[in-house]
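Here's the structure, in structure tokens; my notes come after.
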Number of protein chains: 2
Amino acid sequence: MKIDPNNPADLSAQIAAAIRDAIVSGKLIVGDRLPSEAELSEQFEVSRPTVREALKRLAAQSLIRTQRGAFGGAFVNRLSYADAHAQQITTSTLLLGMNDVSFDTACEARFAMERACARLAAERRAPDHLATMRAEITRQGQPGLSDEAFCASDVAFHRALVDAAGNPVLSYQLAGAVEAMQPLMNMITFTARSREAIIALHARIADAAEARDGADIEAALQELEGYTRELARSVFAARRTERGVE
Amino acid sequence: MKIDPNNPADLSAQIAAAIRDAIVSGKLIVGDRLPSEAELSEQFEVSRPTVREALKRLAAQSLIRTQRGAFGGAFVNRLSYADAHAQQITTSTLLLGMNDVSFDTACEARFAMERACARLAAERRAPDHLATMRAEITRQGQPGLSDEAFCASDVAFHRALVDAAGNPVLSYQLAGAVEAMQPLMNMITFTARSREAIIALHARIADAAEARDGADIEAALQELEGYTRELARSVFAARRTERGVE
DNA sequence: TGACATTTCATTGTCCAGCAAAACGAGTCG
DNA sequence: CGACTCGTTTTGCTGGACAATGAAATGTCA
């Protein structure tokens, strides 16, 4: 592998970048064992703690996993959909939380992407996708359901719709977006009336999926987006009024 | 902050998780300065190298940035769109490269998401988006353009289309997907004939965007998807034949 | 010979103590 | 007033050291 010029930035960052490049470029493939920390420190001419910091950086992105013991070491990790998914959620959540993204912007992006799945989901939905969607609709109709549980069920419903499209790459992208939105969605208190309207649209989506009517799924999602944004507007307006009264 | 039980996993991972939780839960907000490494090592009752490894993990996710000097230290970083974008690209690239995702699957996901931007892009495109698209189309038509440069221009064109939708969240998600696909797209050797067809579709997209015709952007993208997948199929078939002859 | 216990040993995890480099503030001097 | 030096705080990095671990090699017994 390559050495580092002594000038610009952190040595550990440079080493991490060098190894990361070796992985993405294919010089190191899944399952390969990296040299031991001692060997790496010789190779890069740095101390072992510095190498360790570099390895921890890579481990934080789940690019490598480490194992103690005689034939242990650092191994190139297969990035699973689950890992990538988890990373995407934390990244998206922080991005939304730290950049004053408006509810409208986030909501628009989320539904635009979800509509992208509509036709594929209609085409490929399997019985168990439909079953999951129906089950979540039933749960959402139960009285006394907490707002948090309703939101969680809402996420599960939409996740089933996305999964029905039968494209794991799409699921990975979409589920991240949907789940990252949940904290924002939770800011809206659902009244009994708004739940009814949402459940009705969910039922329409499930019916359309069963009938393999992709256009109607899209239309229902469009309505759901409009309704959600309208709901958010009124909730925020009410909050502003409250604050104004105080 | 909280302490760590001594039992299960790496101390540095536990500390990193504790600080990460403090950030996502809002106990630490953007710009906050973390205690110095020495203070943290006292607080968590571990050594300074261990704390440093934890901080490097967080720095790898650009959750914090560090600064040397008297009033330096580790600060909670504002996760910029650029940072999130870069992370998404590496994650998506590795995910595609390591999991034997078929070209069809990746291509389908990419175009499905891009079509999600079509109507918004038609609605909101500004003159400079159109200018970028036209410029890239011109570049793509130049003879003697290398395959790599053609692909890069292709990415820039689609990125301009996505940006035209005027939704930064959507841009962040989409641009990641498009750029992660580039290594896969590069596997296809573009002939002069296929370039012509692609440029024609690009021109149709630009025209439709100028005319604010979202439906036609969608249709053109649909055709582009079909053409790309057909092209890939024939290229792969040719390669299989070659291998069979050898 | 075969199954099981023991030892060996390379490797990561953690710690200690210290030096160098950077960046800022305060004081000093022209 | 401005430029300079100096001290302080903090991260970046080094070298060495020991503990924990886990698999391979070795020894032991039937």
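Letters A, B, ... mark the chains of the structure tokens in the order given; residue numbers begin at 1 per chain; ligand numbers begin at 1, in order shown.
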At most 12 Å to chain A: residues in chain D, only C-alpha atoms (C1' of nucleotides), as a ChimeraX atom specification: /D:11-16,20-25
Compile a residue-level contact table for chain A against chain B at a cut-off of 6 Å, reporting for every qualifying residue the shortest atom pair and its distance in Å to one decimal, with only C-alpha atoms counted, rows ordered by chain and ascending number, as a tab-separated table.
```
residue	atom	partner	partner_atom	distance
A:Glu53	CA	B:Glu53	CA	5.2
A:Lys56	CA	B:Arg57	CA	5.7
A:Arg57	CA	B:Arg57	CA	4.7
A:Ala60	CA	B:Arg57	CA	5.2
A:Leu79	CA	B:Leu95	CA	5.8
A:Leu95	CA	B:Leu79	CA	5.8
A:Ala109	CA	B:Leu170	CA	5.2
A:Ala112	CA	B:Ala116	CA	5.2
A:Met113	CA	B:Ala116	CA	5.7
A:Ala116	CA	B:Ala112	CA	5.2
A:Leu170	CA	B:Ala109	CA	5.2
```
Residues of chain C within 7 Å of chain B, only C-alpha atoms (C1' of nucleotides) counted, as a VMD selection string: chain C and resid 15 22 to 24
Atomic separation - atom CA of B:Ile198 relative to atom CA of B:Phe157, Å: 11.5 Å
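For the set A:Met133, A:Val155, A:Ala149, A:Ala122, the residue with the smallest atom-to-atom gap to A:His202 is A:Met133, counting only C-alpha atoms.
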All alpha helix (DSSP H) positions in stretch 88-239 of chain A, as number ranges by chain: A: 88-98, 103-115, 118-124, 127-141, 147-164, 168-185, 192-210, 214-239
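Atom CA of A:Arg159 to atom CA of A:Ile64 spans 28.8 Å [interatomic distance, one decimal].
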DSSP-assigned strand (DSSP E) among stretch 41-223 of chain A, expressed as a ChimeraX atom specification: /A:64-67,73-76
Output all heavy atoms for every residue in that selection, as a PDB file, in the first residue's frame.
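And here's part-v7.pdb as it stands now:
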```pdb
ATOM      1  N   ILE A  64     -14.686  -2.399   8.027  1.00  0.00           N
ATOM      2  CA  ILE A  64     -13.906  -3.533   8.515  1.00  0.00           C
ATOM      3  C   ILE A  64     -14.499  -4.015   9.839  1.00  0.00           C
ATOM      4  O   ILE A  64     -15.255  -3.298  10.491  1.00  0.00           O
ATOM      5  CB  ILE A  64     -12.421  -3.159   8.742  1.00  0.00           C
ATOM      6  CG1 ILE A  64     -12.310  -2.075   9.806  1.00  0.00           C
ATOM      7  CG2 ILE A  64     -11.757  -2.719   7.467  1.00  0.00           C
ATOM      8  CD1 ILE A  64     -10.891  -1.793  10.238  1.00  0.00           C
ATOM      9  N   ARG A  65     -14.161  -5.233  10.194  1.00  0.00           N
ATOM     10  CA  ARG A  65     -14.479  -5.728  11.530  1.00  0.00           C
ATOM     11  C   ARG A  65     -13.201  -6.313  12.087  1.00  0.00           C
ATOM     12  O   ARG A  65     -12.355  -6.808  11.351  1.00  0.00           O
ATOM     13  CB  ARG A  65     -15.591  -6.774  11.459  1.00  0.00           C
ATOM     14  CG  ARG A  65     -15.118  -8.195  11.277  1.00  0.00           C
ATOM     15  CD  ARG A  65     -16.255  -9.132  10.929  1.00  0.00           C
ATOM     16  NE  ARG A  65     -16.241  -9.421   9.488  1.00  0.00           N
ATOM     17  CZ  ARG A  65     -15.464 -10.347   8.927  1.00  0.00           C
ATOM     18  NH1 ARG A  65     -14.660 -11.066   9.655  1.00  0.00           N
ATOM     19  NH2 ARG A  65     -15.479 -10.545   7.629  1.00  0.00           N
ATOM     20  N   THR A  66     -13.034  -6.222  13.394  1.00  0.00           N
ATOM     21  CA  THR A  66     -11.814  -6.726  14.014  1.00  0.00           C
ATOM     22  C   THR A  66     -12.141  -7.895  14.921  1.00  0.00           C
ATOM     23  O   THR A  66     -13.250  -8.016  15.428  1.00  0.00           O
ATOM     24  CB  THR A  66     -11.116  -5.632  14.833  1.00  0.00           C
ATOM     25  OG1 THR A  66     -12.017  -5.164  15.827  1.00  0.00           O
ATOM     26  CG2 THR A  66     -10.673  -4.492  13.964  1.00  0.00           C
ATOM     27  N   GLN A  67     -11.118  -8.727  15.089  1.00  0.00           N
ATOM     28  CA  GLN A  67     -11.308  -9.944  15.881  1.00  0.00           C
ATOM     29  C   GLN A  67     -10.012 -10.184  16.638  1.00  0.00           C
ATOM     30  O   GLN A  67      -8.931 -10.126  16.053  1.00  0.00           O
ATOM     31  CB  GLN A  67     -11.598 -11.111  14.925  1.00  0.00           C
ATOM     32  CG  GLN A  67     -12.163 -12.316  15.615  1.00  0.00           C
ATOM     33  CD  GLN A  67     -12.460 -13.413  14.606  1.00  0.00           C
ATOM     34  OE1 GLN A  67     -12.419 -13.170  13.401  1.00  0.00           O
ATOM     35  NE2 GLN A  67     -12.741 -14.619  15.097  1.00  0.00           N
ATOM     36  N   GLY A  73      -7.486 -10.213  13.747  1.00  0.00           N
ATOM     37  CA  GLY A  73      -7.018  -9.107  12.928  1.00  0.00           C
ATOM     38  C   GLY A  73      -8.190  -8.304  12.415  1.00  0.00           C
ATOM     39  O   GLY A  73      -9.309  -8.440  12.893  1.00  0.00           O
ATOM     40  N   ALA A  74      -7.916  -7.477  11.431  1.00  0.00           N
ATOM     41  CA  ALA A  74      -8.959  -6.655  10.823  1.00  0.00           C
ATOM     42  C   ALA A  74      -9.324  -7.274   9.472  1.00  0.00           C
ATOM     43  O   ALA A  74      -8.439  -7.589   8.680  1.00  0.00           O
ATOM     44  CB  ALA A  74      -8.475  -5.223  10.646  1.00  0.00           C
ATOM     45  N   PHE A  75     -10.609  -7.450   9.242  1.00  0.00           N
ATOM     46  CA  PHE A  75     -11.074  -8.070   8.004  1.00  0.00           C
ATOM     47  C   PHE A  75     -11.994  -7.113   7.274  1.00  0.00           C
ATOM     48  O   PHE A  75     -12.763  -6.381   7.905  1.00  0.00           O
ATOM     49  CB  PHE A  75     -11.831  -9.374   8.299  1.00  0.00           C
ATOM     50  CG  PHE A  75     -10.980 -10.416   8.954  1.00  0.00           C
ATOM     51  CD1 PHE A  75     -10.826 -10.438  10.333  1.00  0.00           C
ATOM     52  CD2 PHE A  75     -10.317 -11.371   8.203  1.00  0.00           C
ATOM     53  CE1 PHE A  75     -10.027 -11.386  10.950  1.00  0.00           C
ATOM     54  CE2 PHE A  75      -9.517 -12.321   8.804  1.00  0.00           C
ATOM     55  CZ  PHE A  75      -9.369 -12.328  10.185  1.00  0.00           C
ATOM     56  N   VAL A  76     -11.918  -7.147   5.970  1.00  0.00           N
ATOM     57  CA  VAL A  76     -12.831  -6.330   5.168  1.00  0.00           C
ATOM     58  C   VAL A  76     -14.227  -6.904   5.326  1.00  0.00           C
ATOM     59  O   VAL A  76     -14.452  -8.106   5.142  1.00  0.00           O
ATOM     60  CB  VAL A  76     -12.422  -6.332   3.686  1.00  0.00           C
ATOM     61  CG1 VAL A  76     -13.398  -5.515   2.875  1.00  0.00           C
ATOM     62  CG2 VAL A  76     -11.018  -5.778   3.531  1.00  0.00           C
TER      63      VAL A  76
END
```
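Atom CA of A:Ile217 lies 9.4 Å from atom CA of A:Leu201.
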Residues near C:DA26, cut-off 12 Å, only C-alpha atoms (C1' of nucleotides), skip fewer than 4 positions along chain, as a list in words: DT5, DC6, DG7 and DT8 of chain D
